[in-house]
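Structure data (mmCIF, C-alpha atoms) from run18.cif:
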```
data_start
loop_
_atom_site.label_atom_id
_atom_site.label_comp_id
_atom_site.auth_asym_id
_atom_site.auth_seq_id
_atom_site.Cartn_x
_atom_site.Cartn_y
_atom_site.Cartn_z
CA MET A 937 20.02 -199.01 124.17
CA ARG A 938 17.99 -198.78 127.36
CA TYR A 939 15.01 -196.44 127.31
CA ILE A 940 15.01 -193.96 130.22
CA ARG A 941 12.27 -191.44 129.51
CA GLN A 942 10.66 -189.35 126.82
CA ILE A 943 12.22 -185.93 126.24
CA GLY A 944 9.89 -184.55 123.60
CA ARG A 945 7.08 -185.36 121.22
CA GLY A 946 6.60 -183.64 117.89
CA GLY A 947 4.29 -183.95 114.94
CA PHE A 948 6.35 -186.63 113.19
CA GLY A 949 8.72 -187.98 115.81
CA ASN A 950 9.35 -188.83 119.44
CA VAL A 951 12.59 -187.92 121.22
CA ASP A 952 13.64 -190.27 124.03
CA LEU A 953 16.54 -190.28 126.45
CA VAL A 954 18.39 -193.59 126.06
CA GLN A 955 21.56 -195.06 127.50
CA ASP A 956 24.05 -197.56 126.11
CA GLU A 957 25.82 -200.33 128.02
CA SER A 958 28.74 -198.07 128.97
CA GLY A 959 26.42 -195.49 130.53
CA ARG A 960 26.59 -192.91 127.73
CA GLN A 961 23.31 -191.13 127.16
CA PHE A 962 21.82 -189.98 123.85
CA ALA A 963 18.70 -188.31 122.55
CA ARG A 964 17.04 -190.78 120.16
CA LYS A 965 14.55 -189.39 117.65
CA THR A 966 12.18 -192.03 116.25
CA PHE A 967 9.74 -191.57 113.40
CA CYS A 968 6.13 -191.47 114.58
CA ILE A 969 2.91 -189.86 113.33
CA ASN A 970 1.54 -187.93 116.30
CA GLN A 971 -1.07 -185.93 114.43
CA GLY A 972 -4.20 -187.89 115.24
CA GLY A 973 -6.76 -188.83 112.61
CA ASN A 974 -6.28 -191.26 109.76
CA PHE A 975 -3.35 -190.50 107.49
CA PRO A 976 -3.38 -192.20 104.07
CA ALA A 977 -0.81 -194.99 103.87
CA ASP A 978 0.96 -193.39 100.92
CA MET A 979 1.33 -190.15 102.87
CA VAL A 980 2.80 -191.97 105.88
CA GLN A 981 5.34 -193.61 103.60
CA ASN A 982 6.11 -190.29 101.97
CA VAL A 983 6.66 -188.50 105.28
CA GLN A 984 8.78 -191.41 106.55
CA ARG A 985 11.00 -191.10 103.49
CA ARG A 986 11.38 -187.40 104.27
CA PHE A 987 12.25 -188.23 107.89
CA ILE A 988 15.00 -190.55 106.65
CA ARG A 989 16.28 -187.99 104.18
CA GLU A 990 16.34 -185.24 106.80
CA ALA A 991 18.19 -187.49 109.26
CA ASP A 992 20.71 -188.34 106.56
CA THR A 993 21.09 -184.64 105.64
CA GLN A 994 21.59 -183.58 109.25
CA SER A 995 24.19 -186.29 109.77
CA GLN A 996 26.31 -184.82 106.96
CA PHE A 997 26.83 -181.50 108.76
CA SER A 998 29.91 -180.86 110.85
CA HIS A 999 29.22 -177.39 112.19
CA ARG A 1000 29.42 -176.19 115.76
CA ASN A 1001 26.01 -174.52 115.59
CA ILE A 1002 24.08 -177.38 113.98
CA MET A 1003 22.99 -180.33 116.11
CA PRO A 1004 25.28 -183.27 115.29
CA VAL A 1005 24.01 -186.76 114.59
CA VAL A 1006 26.06 -189.37 116.43
CA PHE A 1007 24.76 -192.36 114.47
CA THR A 1008 21.64 -193.48 112.62
CA ASP A 1009 19.37 -196.52 112.49
CA LEU A 1010 17.38 -195.63 109.39
CA GLN A 1011 16.85 -199.15 108.07
CA SER A 1012 14.74 -200.21 111.05
CA ASP A 1013 10.98 -199.82 111.22
CA PRO A 1014 10.44 -197.23 112.52
CA PRO A 1015 13.69 -195.45 111.61
CA SER A 1016 15.57 -193.44 114.24
CA PHE A 1017 18.75 -191.48 114.80
CA TYR A 1018 20.79 -190.44 117.81
CA MET A 1019 22.08 -187.05 118.95
CA PRO A 1020 23.89 -185.63 121.99
CA VAL A 1021 21.64 -184.77 124.93
CA ALA A 1022 21.04 -181.03 125.11
CA THR A 1023 21.32 -179.17 128.40
CA ALA A 1024 18.23 -177.11 127.58
CA SER A 1025 16.39 -175.44 124.74
CA MET A 1026 16.56 -171.70 124.16
CA ALA A 1027 12.86 -171.65 125.04
CA ASP A 1028 13.72 -173.12 128.44
CA ASP A 1029 16.51 -170.60 128.92
CA ILE A 1030 14.30 -167.66 127.96
CA ALA A 1031 11.61 -168.82 130.37
CA PHE A 1032 14.22 -168.94 133.14
CA ASP A 1033 16.05 -165.71 132.23
CA ARG A 1034 14.94 -163.63 129.27
CA GLY A 1035 18.29 -161.86 129.31
CA LEU A 1036 20.22 -165.16 128.92
CA GLY A 1037 22.68 -163.86 131.48
CA GLY A 1038 23.42 -160.83 129.30
CA ASP A 1039 24.48 -163.08 126.42
CA GLN A 1040 21.50 -162.58 124.08
CA ILE A 1041 23.40 -161.29 121.05
CA ASN A 1042 25.99 -164.05 121.24
CA ALA A 1043 23.11 -166.54 121.26
CA ILE A 1044 21.71 -164.87 118.13
CA MET A 1045 25.16 -165.03 116.54
CA ASP A 1046 25.22 -168.79 117.18
CA ILE A 1047 21.89 -169.12 115.38
CA LEU A 1048 23.10 -166.98 112.47
CA ALA A 1049 26.28 -169.06 112.10
CA GLY A 1050 24.24 -172.26 111.84
CA LEU A 1051 21.74 -170.71 109.44
CA GLU A 1052 24.51 -169.40 107.21
CA GLU A 1053 25.83 -172.95 106.85
CA LEU A 1054 22.37 -174.24 105.91
CA HIS A 1055 21.62 -171.41 103.50
CA GLY A 1056 25.00 -171.85 101.83
CA LEU A 1057 23.76 -175.28 100.73
CA GLY A 1058 20.37 -173.99 99.62
CA ILE A 1059 18.60 -175.44 102.66
CA TYR A 1060 15.99 -173.51 104.64
CA HIS A 1061 14.86 -174.53 108.09
CA ARG A 1062 11.21 -173.32 107.84
CA ASP A 1063 10.45 -173.97 111.52
CA LEU A 1064 13.06 -172.00 113.42
CA LYS A 1065 11.93 -171.15 116.95
CA PRO A 1066 13.45 -171.22 120.46
CA GLN A 1067 12.18 -174.76 121.03
CA ASN A 1068 14.30 -175.90 118.06
CA VAL A 1069 17.45 -174.11 119.22
CA LEU A 1070 19.21 -176.26 121.81
CA ARG A 1071 22.06 -175.54 124.22
CA LEU A 1072 24.89 -178.05 124.22
CA SER A 1073 27.52 -178.20 126.94
CA ASP A 1074 30.76 -180.09 126.44
CA SER A 1075 34.48 -179.80 127.00
CA GLU A 1076 34.59 -176.78 124.70
CA GLY A 1077 32.01 -174.83 126.65
CA GLU A 1078 28.41 -173.98 125.84
CA ARG A 1079 26.83 -173.07 122.53
CA TYR A 1080 23.43 -172.99 120.88
CA VAL A 1081 22.75 -175.34 117.96
CA ILE A 1082 19.95 -175.47 115.42
CA SER A 1083 17.96 -178.67 115.63
CA ASP A 1084 14.69 -180.33 114.59
CA PHE A 1085 15.04 -180.41 110.84
CA GLY A 1086 11.63 -182.00 110.33
CA LEU A 1087 10.32 -179.29 108.00
CA MET A 1088 13.53 -178.56 106.11
CA SER A 1089 12.87 -180.22 102.77
CA LEU A 1090 9.27 -181.34 102.65
CA ARG A 1091 8.84 -180.42 98.99
CA ASP A 1092 6.74 -183.30 97.77
CA THR A 1093 4.44 -184.06 100.68
CA GLN A 1094 0.84 -182.89 100.98
CA LEU A 1095 1.88 -179.44 102.11
CA SER A 1096 -1.58 -178.16 102.96
CA VAL A 1097 -2.08 -180.99 105.48
CA LEU A 1098 1.42 -180.63 106.90
CA THR A 1099 1.00 -176.91 107.30
CA GLN A 1100 -2.21 -177.36 109.27
CA THR A 1101 -0.79 -180.08 111.51
CA GLY A 1102 2.99 -180.07 111.64
CA MET A 1103 3.28 -176.35 112.35
CA ARG A 1104 1.06 -176.18 115.41
CA MET A 1105 2.20 -175.79 119.02
CA GLY A 1106 3.76 -172.36 118.67
CA SER A 1107 5.39 -172.55 115.23
CA ASP A 1108 3.07 -169.96 113.71
CA TYR A 1109 4.31 -167.50 116.29
CA TYR A 1110 7.69 -167.56 114.48
CA THR A 1111 6.63 -168.44 110.93
CA ALA A 1112 6.96 -166.04 108.00
CA PRO A 1113 3.54 -165.24 106.51
CA GLU A 1114 4.47 -166.40 103.01
CA ILE A 1115 5.09 -170.01 104.13
CA VAL A 1116 2.08 -170.46 106.40
CA ALA A 1117 -0.01 -171.56 103.42
CA ASP A 1118 2.77 -173.13 101.36
CA LEU A 1119 6.15 -174.28 102.70
CA ARG A 1120 7.52 -174.23 99.16
CA MET A 1121 7.69 -170.43 99.43
CA ALA A 1122 10.49 -170.76 101.99
CA SER A 1123 13.71 -168.83 101.44
CA ALA A 1124 16.58 -167.43 103.44
CA ARG A 1125 14.30 -164.47 104.15
CA SER A 1126 11.67 -166.69 105.77
CA ASP A 1127 14.27 -167.98 108.25
CA ILE A 1128 15.38 -164.38 108.83
CA TYR A 1129 11.76 -163.56 109.71
CA SER A 1130 11.97 -166.23 112.40
CA VAL A 1131 15.21 -164.75 113.75
CA GLY A 1132 13.43 -161.41 114.02
CA CYS A 1133 10.78 -163.10 116.16
CA ILE A 1134 13.44 -164.62 118.40
CA LEU A 1135 15.02 -161.17 118.75
CA HIS A 1136 11.59 -159.97 119.88
CA ASP A 1137 11.46 -162.74 122.47
CA LEU A 1138 14.74 -161.44 123.87
CA PHE A 1139 14.34 -157.67 123.51
CA GLY A 1140 10.73 -156.85 122.59
CA THR A 1141 8.55 -154.60 124.75
CA ASN A 1142 5.15 -155.19 123.13
CA ASN A 1143 3.15 -158.31 122.35
CA ARG A 1144 3.37 -159.43 118.75
CA ILE A 1145 0.77 -160.80 116.36
CA PRO A 1146 1.78 -164.01 114.55
CA CYS A 1147 2.76 -163.64 110.89
CA ASN A 1148 2.78 -159.83 111.12
CA GLU A 1149 5.47 -157.19 111.06
CA ILE A 1150 7.00 -156.44 114.45
CA ILE A 1151 6.59 -152.77 115.32
CA ASP A 1152 8.23 -152.17 118.67
CA GLN A 1153 10.47 -149.83 120.63
CA GLY A 1154 13.96 -150.14 121.97
CA PHE A 1155 17.53 -150.59 120.76
CA TYR A 1156 16.80 -153.46 118.33
CA ALA A 1157 13.36 -152.30 117.16
CA ASP A 1158 14.46 -151.30 113.65
CA ILE A 1159 16.29 -154.58 113.11
CA MET A 1160 13.27 -156.60 114.28
CA HIS A 1161 11.11 -154.65 111.85
CA CYS A 1162 13.50 -155.20 108.93
CA CYS A 1163 13.57 -158.93 109.70
CA THR A 1164 9.79 -159.30 109.78
CA ARG A 1165 8.43 -157.11 107.00
CA THR A 1166 5.45 -158.72 105.30
CA ASP A 1167 7.10 -158.37 101.88
CA PRO A 1168 10.07 -160.80 101.91
CA GLY A 1169 11.87 -158.60 99.40
CA ARG A 1170 12.14 -155.85 102.01
CA ARG A 1171 13.75 -158.02 104.68
CA PHE A 1172 17.46 -158.62 105.09
CA ALA A 1173 18.43 -160.72 102.08
CA THR A 1174 21.10 -162.80 103.80
CA VAL A 1175 22.28 -163.84 107.23
CA SER A 1176 25.43 -161.80 106.58
CA ASP A 1177 23.34 -158.66 106.07
CA LEU A 1178 21.53 -159.22 109.35
CA ARG A 1179 24.77 -159.89 111.21
CA GLU A 1180 26.25 -156.72 109.72
CA ALA A 1181 23.26 -154.68 110.90
CA LEU A 1182 23.62 -156.03 114.44
CA LEU A 1183 27.33 -155.24 114.43
CA SER A 1184 26.84 -151.73 113.04
CA LEU A 1185 24.23 -150.97 115.66
CA GLY A 1186 26.73 -151.53 118.41
CA GLN A 1187 29.37 -149.09 117.10
CA SER A 1188 30.25 -146.05 119.20
CA THR A 1189 30.08 -142.67 117.45
CA VAL A 1190 31.93 -140.53 120.02
CA ALA A 1191 35.36 -139.41 118.79
CA ASN A 1192 37.87 -136.96 120.26
CA GLU A 1193 38.56 -135.25 116.95
CA PRO A 1194 35.55 -133.54 115.28
CA GLN A 1195 36.78 -134.45 111.79
CA VAL A 1196 36.72 -138.13 112.75
CA THR A 1197 33.11 -137.79 113.88
CA ASP A 1198 32.25 -136.20 110.52
CA LEU A 1199 33.98 -139.00 108.59
CA MET A 1200 32.17 -141.64 110.65
CA ALA A 1201 28.84 -139.98 109.85
CA LEU A 1202 29.75 -140.04 106.16
CA LEU A 1203 30.65 -143.72 106.36
CA SER A 1204 27.28 -144.49 107.94
CA SER A 1205 25.36 -142.60 105.23
CA GLU A 1206 24.04 -144.19 102.05
CA HIS A 1207 25.81 -141.79 99.68
CA PRO A 1208 28.70 -143.04 97.51
CA ILE A 1209 32.11 -141.79 98.62
CA THR A 1210 34.37 -140.17 96.04
CA ALA A 1211 38.05 -140.94 95.59
CA PRO A 1212 39.28 -137.72 97.28
CA VAL A 1213 37.12 -138.42 100.33
CA TRP A 1214 38.32 -142.02 100.50
CA GLU A 1215 41.87 -140.67 100.40
CA ARG A 1216 41.06 -138.49 103.42
CA ILE A 1217 39.48 -141.43 105.28
CA VAL A 1218 42.33 -143.85 104.59
CA GLY A 1219 44.89 -141.18 105.39
CA LYS A 1220 43.19 -140.48 108.70
CA VAL A 1221 43.05 -144.15 109.60
CA ARG A 1222 46.73 -144.64 108.83
CA SER A 1223 47.82 -141.56 110.76
CA LEU A 1224 45.59 -142.16 113.80
CA TYR A 1225 45.81 -145.93 114.33
CA PRO A 1226 46.23 -147.33 116.98
CA SER A 1227 44.65 -144.39 118.79
CA GLN A 1228 41.01 -144.64 119.90
CA ASP A 1229 39.88 -142.36 117.07
CA GLY A 1230 41.65 -144.59 114.54
CA LYS A 1231 39.90 -147.65 115.97
CA LEU A 1232 36.54 -145.87 115.85
CA LEU A 1233 37.03 -145.14 112.15
CA LEU A 1234 37.88 -148.78 111.48
CA GLY A 1235 34.83 -149.89 113.45
CA ALA A 1236 32.66 -147.58 111.36
CA MET A 1237 33.68 -149.37 108.14
CA SER A 1238 30.62 -151.39 107.19
CA LEU A 1239 30.84 -154.39 104.90
CA ASN A 1240 29.17 -152.38 102.13
CA ARG A 1241 31.73 -149.59 102.50
CA ILE A 1242 34.64 -152.02 102.38
CA ASN A 1243 33.19 -153.67 99.28
CA GLU A 1244 32.80 -150.20 97.77
CA ILE A 1245 36.44 -149.18 98.22
CA VAL A 1246 37.71 -152.62 97.18
CA ALA A 1247 35.70 -152.50 93.94
CA ASN A 1248 36.41 -148.88 93.01
CA TYR A 1249 39.73 -147.89 94.56
CA PRO A 1250 41.87 -151.02 95.04
CA THR A 1251 45.10 -149.14 95.80
CA LEU A 1252 43.45 -147.24 98.64
CA ALA A 1253 41.71 -150.45 99.73
CA SER A 1254 45.07 -152.21 100.06
CA GLN A 1255 46.37 -149.43 102.29
CA LEU A 1256 43.23 -149.64 104.41
CA GLY A 1257 43.40 -153.45 104.48
CA TRP A 1258 46.85 -153.43 106.08
CA VAL A 1259 45.62 -151.27 108.96
CA TYR A 1260 42.37 -153.22 109.22
CA ALA A 1261 44.32 -156.47 109.54
CA ALA A 1262 46.46 -155.00 112.32
CA TRP A 1263 43.31 -153.88 114.17
CA VAL A 1264 41.69 -157.32 113.84
CA LYS A 1265 44.85 -159.13 114.91
CA ASP A 1266 45.79 -156.93 117.86
CA SER A 1267 42.41 -156.05 119.40
CA ALA A 1268 40.13 -157.72 121.89
CA PHE A 1269 36.55 -157.67 120.62
CA ASN A 1270 33.24 -158.52 122.16
CA PHE A 1271 32.69 -162.19 121.39
CA ASP A 1272 29.44 -161.49 119.54
CA ASN A 1273 31.15 -158.95 117.22
CA CYS A 1274 33.81 -161.33 115.91
CA ASP A 1275 31.74 -162.90 113.11
CA GLY A 1276 30.78 -159.59 111.53
CA ILE A 1277 34.30 -158.17 111.79
CA ALA A 1278 35.65 -161.35 110.19
CA ASN A 1279 33.26 -160.90 107.26
CA ARG A 1280 34.48 -157.33 106.83
CA ALA A 1281 38.11 -158.43 106.93
CA GLU A 1282 37.39 -161.20 104.42
CA ALA A 1283 36.19 -158.60 101.89
CA PHE A 1284 39.80 -157.41 101.48
CA LEU A 1285 40.70 -160.86 100.10
CA ALA A 1286 39.07 -159.80 96.83
CA LEU A 1287 42.07 -157.54 96.20
CA ASN A 1288 45.01 -158.64 94.03
CA ASP A 1289 47.49 -157.48 96.68
CA ILE A 1290 49.05 -160.68 98.05
CA ASN A 1291 50.75 -158.82 100.90
CA CYS A 1292 47.40 -157.45 102.09
CA LYS A 1293 45.76 -160.86 101.71
CA VAL A 1294 48.39 -162.53 103.87
CA GLU A 1295 47.94 -159.91 106.59
CA ILE A 1296 44.18 -160.48 106.54
CA LEU A 1297 44.55 -164.26 106.76
CA ILE A 1298 46.93 -163.98 109.70
CA ALA A 1299 44.49 -161.59 111.37
CA LEU A 1300 41.63 -164.08 110.95
CA LEU A 1301 43.79 -166.86 112.38
CA ILE A 1302 44.82 -164.84 115.42
CA MET A 1303 41.41 -163.33 116.13
CA GLY A 1304 39.60 -166.64 115.68
CA THR A 1305 41.89 -168.58 117.97
CA SER A 1306 42.44 -165.87 120.60
CA HIS A 1307 38.68 -165.34 120.91
CA ASN A 1308 37.89 -169.05 120.46
CA ARG A 1309 35.32 -168.08 117.82
CA TRP A 1310 34.60 -171.14 115.69
CA TYR A 1311 32.98 -169.13 112.89
CA VAL A 1312 36.19 -167.11 112.35
CA GLU A 1313 38.41 -170.18 112.67
CA ARG A 1314 36.42 -172.00 110.00
CA LYS A 1315 36.63 -168.95 107.76
CA PHE A 1316 40.43 -168.92 108.00
CA VAL A 1317 40.63 -172.63 107.18
CA SER A 1318 38.29 -172.23 104.19
CA HIS A 1319 40.79 -169.85 102.56
CA CYS A 1320 43.85 -172.02 103.20
CA LEU A 1321 42.78 -175.30 101.59
CA PRO A 1322 44.66 -176.97 98.69
CA GLY A 1323 42.79 -174.84 96.14
CA MET A 1324 44.44 -171.71 97.53
CA GLN A 1325 46.34 -169.51 95.07
CA GLN A 1326 49.91 -170.84 94.86
CA ASP A 1327 51.65 -167.49 95.36
CA LEU A 1328 49.43 -166.70 98.33
CA ALA A 1329 50.12 -170.11 99.87
CA ARG A 1330 53.86 -169.58 99.42
CA ARG A 1331 53.67 -166.22 101.21
CA MET A 1332 51.49 -167.69 103.96
CA ALA A 1333 54.03 -170.47 104.46
CA MET A 1334 56.80 -167.88 104.76
CA GLU A 1335 54.85 -165.95 107.40
CA ILE A 1336 54.29 -169.15 109.39
CA ARG A 1337 58.05 -169.65 109.49
CA VAL A 1338 58.41 -166.08 110.78
CA MET A 1339 55.64 -166.46 113.37
CA ARG A 1340 56.93 -169.88 114.48
CA GLY A 1341 55.55 -170.60 117.96
CA GLU A 1342 52.62 -168.21 117.59
CA ALA A 1343 51.52 -169.95 114.39
CA CYS A 1344 51.99 -173.41 115.90
CA SER A 1345 49.93 -172.49 118.96
CA ALA A 1346 47.14 -171.08 116.78
CA ILE A 1347 47.02 -174.14 114.52
CA ASN A 1348 47.04 -176.45 117.55
CA HIS A 1349 44.07 -174.52 118.89
CA LEU A 1350 42.25 -174.82 115.56
CA GLU A 1351 42.62 -178.58 115.55
CA ARG A 1352 41.15 -178.84 119.04
CA SER A 1353 38.47 -176.23 118.48
CA ILE A 1354 36.88 -177.04 115.13
CA GLY A 1355 37.99 -180.61 114.63
CA PHE A 1356 40.09 -180.23 111.49
CA THR A 1357 43.58 -181.56 110.82
CA ARG A 1358 46.43 -179.43 109.51
CA SER A 1359 47.04 -181.93 106.73
CA ASP A 1360 43.86 -180.58 105.10
CA LEU A 1361 45.57 -177.22 104.47
CA HIS A 1362 47.52 -176.28 101.35
CA PRO A 1363 50.62 -178.51 101.01
CA LEU A 1364 53.01 -175.53 101.24
CA ILE A 1365 51.42 -174.49 104.53
CA VAL A 1366 51.54 -178.06 105.79
CA ASP A 1367 55.27 -178.26 104.98
CA ALA A 1368 55.94 -174.98 106.80
CA LEU A 1369 54.06 -176.16 109.88
CA ARG A 1370 55.93 -179.46 109.84
CA GLN A 1371 59.24 -177.61 109.83
CA VAL A 1372 58.52 -175.11 112.62
CA CYS A 1373 56.13 -176.97 114.92
CA ARG A 1374 57.00 -179.80 117.25
CA SER A 1375 54.67 -182.79 116.99
#
```
Full structure transcribed into structure tokens:
Amino acid sequence: MRYIRQIGRGGFGNVDLVQDESGRQFARKTFCINQGGNFPADMVQNVQRRFIREADTQSQFSHRNIMPVVFTDLQSDPPSFYMPVATASMADDIAFDRGLGGDQINAIMDILAGLEELHGLGIYHRDLKPQNVLRLSDSEGERYVISDFGLMSLRDTQLSVLTQTGMRMGSDYYTAPEIVADLRMASARSDIYSVGCILHDLFGTNNRIPCNEIIDQGFYADIMHCCTRTDPGRRFATVSDLREALLSLGQSTVANEPQVTDLMALLSSEHPITAPVWERIVGKVRSLYPSQDGKLLLGAMSLNRINEIVANYPTLASQLGWVYAAWVKDSAFNFDNCDGIANRAEAFLALNDINCKVEILIALLIMGTSHNRWYVERKFVSHCLPGMQQDLARRMAMEIRVMRGEACSAINHLERSIGFTRSDLHPLIVDALRQVCRS
């Protein structure tokens, strides 16, 4: 590798632009103590072991919103690893155009998708900020990825020293108050605090005080506040909850029929809905869809409401699920709404109605591939692996034979988009695809 120039310099590593003999360029991150002062030898060794472990952890991810590791050289002294060269950081993009070309919420959705993957494995970033969110550009377009995992799992180091040194240069401006003194207090909620700060970077109107609640004005003010409450227990508990709040905030409440407006208001309230009222809601949806009022009612169905009807009134939930699947499959959504709508659709998979489940899975496949939304595509694949219920796989295989070219086109897109192979799916689905799709 030929050194070209330094890209960045952090507390425990340097990032250099390098080029191989064929002219391909990479970002090489090399372990280095850049803190100044005299670090005890045992601490240097300890931090270096963490650097190696973090590089190894990052290299195991295969997610479109997590920075990939191309290859590693962790046995050398000092150890290093190689990544694609980013086009820019989110910090750079915000400095150039705070509005990100009108694509702010989609950028946040990219961050949430990456965080959800980390949190699903019990990993917390601890140092999420725009400088650590990078924009990659490749043949599949542009996306933001989470990077710089240097503080992800520093459980056994001298945390007081690391907190004072490794979290300088702007980190505290995004850091949850509970982890400023002790990184071991990190949780999903501490990363959500950081997302709230990034939302403030994009939409805030007032200056903010580090490690404090964000009290602001504007369309996203309430969400920023819920992300950054001092008490972690009063923040959004999960990435899914935050995504759902962002999606719900964007729903229109203007209907042509007054009764539809009333039902939408009831759906947005916090009061439990009784069986007779659910019957009215489901009946309205079925009679009105695909009119605009029917679509508005479907859009007003929050994840909590869908979980409520699925748990308490499964027969009604199945009827609703059929219409919901049709809406998801046949509609064109804003790109940044797809992830939340997919989570809502997925909730119907808890039902025992195989027919409804198949419709939902087809809807996820079509929406994910037609919108080129990797999060939704991955969700479809996750439900169609070899561990899939046999009866459901048999029905899905039958539907693929009915869909024929449409199914083949969607699966071809999946393979190009998220880098999976159809042979990873349930064997019955694989057989159906082999029969109806040309190689």
**Report entry** Distance query Gly1169 in chain A at most 12 Å, all atoms listed in the file, self and fewer than 3 positions along chain excluded, as a list in words
**Finding:** Glu1114, Ser1123, Ala1124, Arg1125, Ser1126, Ile1128, Tyr1129, Cys1162, Cys1163, Thr1164, Arg1165, Thr1166, Phe1172, Ala1173 and Thr1174 of chain A
Convert the output of the PyMOL selection byres ((chain A and resi 1257) around 12) on the shown file into explicit residues, formatted as a tab-separated table (two decimals) with C-alpha atoms, keeping the file's coordinate frame.
```
chain	number	residue	atom	x	y	z
A	1218	VAL	CA	42.33	-143.85	104.59
A	1221	VAL	CA	43.05	-144.15	109.60
A	1222	ARG	CA	46.73	-144.64	108.83
A	1234	LEU	CA	37.88	-148.78	111.48
A	1237	MET	CA	33.68	-149.37	108.14
A	1242	ILE	CA	34.64	-152.02	102.38
A	1243	ASN	CA	33.19	-153.67	99.28
A	1245	ILE	CA	36.44	-149.18	98.22
A	1246	VAL	CA	37.71	-152.62	97.18
A	1249	TYR	CA	39.73	-147.89	94.56
A	1250	PRO	CA	41.87	-151.02	95.04
A	1251	THR	CA	45.10	-149.14	95.80
A	1252	LEU	CA	43.45	-147.24	98.64
A	1253	ALA	CA	41.71	-150.45	99.73
A	1254	SER	CA	45.07	-152.21	100.06
A	1255	GLN	CA	46.37	-149.43	102.29
A	1256	LEU	CA	43.23	-149.64	104.41
A	1258	TRP	CA	46.85	-153.43	106.08
A	1259	VAL	CA	45.62	-151.27	108.96
A	1260	TYR	CA	42.37	-153.22	109.22
A	1261	ALA	CA	44.32	-156.47	109.54
A	1262	ALA	CA	46.46	-155.00	112.32
A	1263	TRP	CA	43.31	-153.88	114.17
A	1264	VAL	CA	41.69	-157.32	113.84
A	1265	LYS	CA	44.85	-159.13	114.91
A	1280	ARG	CA	34.48	-157.33	106.83
A	1281	ALA	CA	38.11	-158.43	106.93
A	1282	GLU	CA	37.39	-161.20	104.42
A	1283	ALA	CA	36.19	-158.60	101.89
A	1284	PHE	CA	39.80	-157.41	101.48
A	1285	LEU	CA	40.70	-160.86	100.10
A	1286	ALA	CA	39.07	-159.80	96.83
A	1287	LEU	CA	42.07	-157.54	96.20
A	1288	ASN	CA	45.01	-158.64	94.03
A	1289	ASP	CA	47.49	-157.48	96.68
A	1290	ILE	CA	49.05	-160.68	98.05
A	1291	ASN	CA	50.75	-158.82	100.90
A	1292	CYS	CA	47.40	-157.45	102.09
A	1293	LYS	CA	45.76	-160.86	101.71
A	1294	VAL	CA	48.39	-162.53	103.87
A	1295	GLU	CA	47.94	-159.91	106.59
A	1296	ILE	CA	44.18	-160.48	106.54
A	1297	LEU	CA	44.55	-164.26	106.76
A	1299	ALA	CA	44.49	-161.59	111.37
```
Report task. Within 9 Å of Asn1308 in chain A, counting only C-alpha atoms, which residues show up once you throw out same-chain ones fewer than 3 positions away? Write them as a PyMOL selection string, please. Result -> chain A and resi 1271+1303-1305+1312-1313+1349-1350+1353
Requested in this report: Point out the residue among A:Asp1039, A:Asp952, A:Asp1198, A:Asp1074 with the least atom-to-atom distance to Phe1017 in chain A, counting only C-alpha atoms.
Outcome: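 Using only C-alpha atoms, the shortest distance to Phe1017 in chain A belongs to A:Asp952.
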Report task. Please check which residues have atoms at most 8 Å from (22.7, -202.0, 126.9) in the file's coordinates, counting only C-alpha atoms, and write them as a PyMOL selection string. Result -> chain A and resi 937-938+955-958
Report task. Within 9 Å of range 1053-1063 of chain A, counting all atoms listed in the file, which residues show up once you throw out same-chain ones fewer than 4 positions away? Write them as an MDAnalysis selection string, please. Result -> chainID A and resid 997 999 1001:1002 1048:1049 1068 1082 1084:1089 1103 1107:1108 1110:1112 1115 1119 1122:1124 1126:1127 1130 1174:1175
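Of the listed residues (A:Ile1159, A:Ala1043, A:Arg964, A:Gly1341), A:Arg964 comes nearest to Arg941 in chain A; the distances count all atoms listed in the file.
Going from CA of Val951 in chain A to CA of Leu1070 in chain A covers 13.4 Å.
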Query - the PyMOL selection byres ((chain A and resi 1024-1032) around 12) applied to the shown file, residues as a count of residues only - result: 43
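Atom pair CA of Met1019 in chain A / CA of Pro1004 in chain A has a distance of 6.2 Å (rounded to one decimal).
Interatomic distance, CA of Pro1015 in chain A against CA of Asn950 in chain A: 11.1 Å.
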Residue contacts of Arg1330 in chain A (9 Å, only C-alpha atoms) excluding same-chain residues fewer than 5 positions away, as a PDB file with C-alpha atoms, keeping the file's coordinate frame:
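Result file is part_39.pdb:
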```pdb
ATOM      1  CA  GLN A1325      46.340-169.510  95.070  1.00  0.00           C
ATOM      2  CA  GLU A1335      54.850-165.950 107.400  1.00  0.00           C
ATOM      3  CA  LEU A1364      53.010-175.530 101.240  1.00  0.00           C
ATOM      4  CA  ILE A1365      51.420-174.490 104.530  1.00  0.00           C
TER       5      ILE A1365
END
```
Requested in this report: Would you list the contacts of Pro1208 in chain A as a list in words, taking every protein, DNA or RNA residue within 10 Å and counting all atoms listed in the file, but skipping same-chain residues closer than 6 positions in sequence?
Outcome: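 What passes the distance filter is Leu1202, Arg1241, Glu1244 and Ile1245 of chain A.
Closest approach to Phe1155 in chain A among A:Gly949, A:Thr1141, A:Pro1168, A:Ser998: A:Thr1141, based on all atoms listed in the file.
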Query raised in the report: Exactly which residues make up the result of the PyMOL selection byres ((chain A and resi 1238) around 12) on this file, given as a ChimeraX atom specification?
Result: /A:1176-1177,1179-1187,1200-1206,1232-1237,1239-1245,1276-1281,1283
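Compared by their closest atoms to Gln942 in chain A, and using only C-alpha atoms, the residues A:Lys965, A:His1207, A:Arg1374, A:Arg1309 rank with A:Lys965 nearest.
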